[in-house]
>>> print(open('work_0.cif').read())   # mmCIF, C-alpha atoms
data_entry
loop_
_atom_site.label_atom_id
_atom_site.label_comp_id
_atom_site.auth_asym_id
_atom_site.auth_seq_id
_atom_site.Cartn_x
_atom_site.Cartn_y
_atom_site.Cartn_z
CA MET A 41 -65.89 127.95 47.81
CA THR A 42 -62.50 126.83 46.51
CA CYS A 43 -63.78 123.29 46.15
CA GLN A 44 -66.67 124.50 44.00
CA ARG A 45 -64.29 126.47 41.80
CA THR A 46 -62.05 123.44 41.36
CA VAL A 47 -64.94 121.17 40.43
CA LYS A 48 -66.32 123.77 38.04
CA SER A 49 -62.95 124.27 36.33
CA MET A 50 -62.51 120.49 36.05
CA GLN A 51 -65.92 120.14 34.44
CA GLU A 52 -65.18 122.97 32.01
CA SER A 53 -61.90 121.36 30.98
CA GLY A 54 -63.74 118.15 30.07
CA VAL A 55 -62.96 115.99 33.10
CA VAL A 56 -65.84 113.70 33.98
CA ILE A 57 -66.51 113.45 37.70
CA LYS A 58 -68.45 110.35 38.66
CA MET A 59 -69.25 109.82 42.30
CA PRO A 60 -70.23 106.39 43.57
CA GLY A 61 -73.84 105.91 44.53
CA ILE A 62 -76.22 103.08 45.21
CA LYS A 63 -79.95 102.61 45.28
CA VAL A 64 -81.09 100.95 48.49
CA LYS A 65 -83.55 98.14 47.94
CA GLU A 66 -86.58 97.83 50.21
CA SER A 67 -85.56 94.43 51.53
CA GLU A 68 -81.95 95.51 52.09
CA SER A 69 -80.57 96.41 55.52
CA PHE A 70 -78.39 99.44 56.15
CA ASP A 71 -75.31 97.27 56.72
CA GLU A 72 -75.71 95.52 53.37
CA ALA A 73 -76.20 98.81 51.54
CA TYR A 74 -73.21 100.35 53.31
CA ARG A 75 -71.08 97.31 52.37
CA ARG A 76 -72.10 97.69 48.70
CA PHE A 77 -71.27 101.40 48.82
CA LYS A 78 -67.84 100.74 50.33
CA LYS A 79 -67.13 98.12 47.67
CA GLN A 80 -68.06 100.57 44.95
CA CYS A 81 -65.76 103.21 46.47
CA ASP A 82 -62.90 100.71 46.62
CA ARG A 83 -63.39 99.69 43.01
CA SER A 84 -63.38 103.28 41.79
CA LEU A 85 -60.13 103.98 43.73
CA ILE A 86 -61.49 107.20 45.22
CA VAL A 87 -59.73 106.85 48.55
CA THR A 88 -56.41 105.92 46.94
CA GLU A 89 -56.53 108.84 44.54
CA THR A 90 -57.53 111.26 47.30
CA ARG A 91 -54.56 110.18 49.43
CA ALA A 92 -52.23 110.56 46.45
CA ARG A 93 -53.50 114.07 45.71
CA ARG A 94 -53.49 115.23 49.32
CA TYR A 95 -50.07 116.86 48.93
CA PHE A 96 -48.37 118.18 45.83
CA GLU A 97 -45.67 115.91 44.44
CA SER A 98 -43.00 117.28 42.14
CA ASN A 99 -41.88 115.26 39.12
CA PRO A 100 -38.62 114.07 40.75
CA GLU A 101 -40.62 112.78 43.73
CA LYS A 102 -43.01 110.94 41.42
CA LYS A 103 -40.13 109.35 39.51
CA LYS A 104 -38.46 108.32 42.77
CA LYS A 105 -41.68 106.64 43.95
CA GLN A 106 -42.08 104.88 40.60
CA LYS A 107 -38.50 103.56 40.82
CA ILE A 108 -39.08 102.29 44.35
CA ASN A 109 -42.36 100.60 43.34
CA ALA A 110 -40.73 99.02 40.26
CA ARG A 111 -37.90 97.65 42.42
CA LYS A 112 -40.38 96.26 44.96
CA LYS A 113 -42.37 94.61 42.17
CA MET A 114 -39.24 93.06 40.66
CA LEU A 115 -38.06 91.74 44.04
CA LYS A 116 -41.50 90.27 44.72
CA LYS A 117 -41.47 88.46 41.35
CA LEU A 118 -37.98 87.17 42.05
CA TYR A 119 -39.05 85.96 45.49
CA MET A 120 -42.11 84.20 44.09
CA LEU A 121 -40.05 82.60 41.32
CA ARG A 122 -37.48 81.29 43.81
CA ARG A 123 -40.25 80.05 46.06
CA TYR A 124 -41.86 78.24 43.13
CA GLU A 125 -38.54 76.69 42.04
CA SER A 126 -37.84 75.42 45.54
CA ARG A 127 -41.03 73.34 45.38
CA LEU A 128 -39.86 71.46 42.28
#
>>> encode(input="work_0.cif", output="structure tokens")
Amino acid sequence: MTCQRTVKSMQESGVVIKMPGIKVKESESFDEAYRRFKKQCDRSLIVTETRARRYFESNPEKKKKQKINARKKMLKKLYMLRRYESRL
């Protein structure tokens, strides 16, 4: 019941909820259709967003995660740059 209320309130506030779905072709096997469905779910980031929303995160926690991710990204770029330069 709470889930229905949440979805209803989201729809009323103007949030568009689009669930992935596929139409199975007659010549298509279950495995192929399931693979297409999984791909569609991955592309729409449903699983990632669900994991992120599983627990409430306060703003300081979000900022801390963003800082950590930014540092990781910068270190990765630096590593790749050094790796590239070593080839020259």
>>> residues_around(input="work_0.cif", residues="stretch 82-99 of chain A", least_positions_apart="5", cutoff="12 Å", atoms="only C-alpha atoms", output="JSON, numbers by chain")
{"A": [57, 58, 59, 60, 61, 75, 76, 77, 104, 105, 106]}
>>> atom_distance(input="work_0.cif", atom1="atom CA of A:Lys113", atom2="atom CA of A:Leu128")
23.3 Å
>>> atom_distance(input="work_0.cif", atom1="atom CA of A:Glu125", atom2="atom CA of A:Lys112")
19.9 Å
>>> atom_distance(input="work_0.cif", atom1="atom CA of A:Leu115", atom2="atom CA of A:Arg127")
18.7 Å
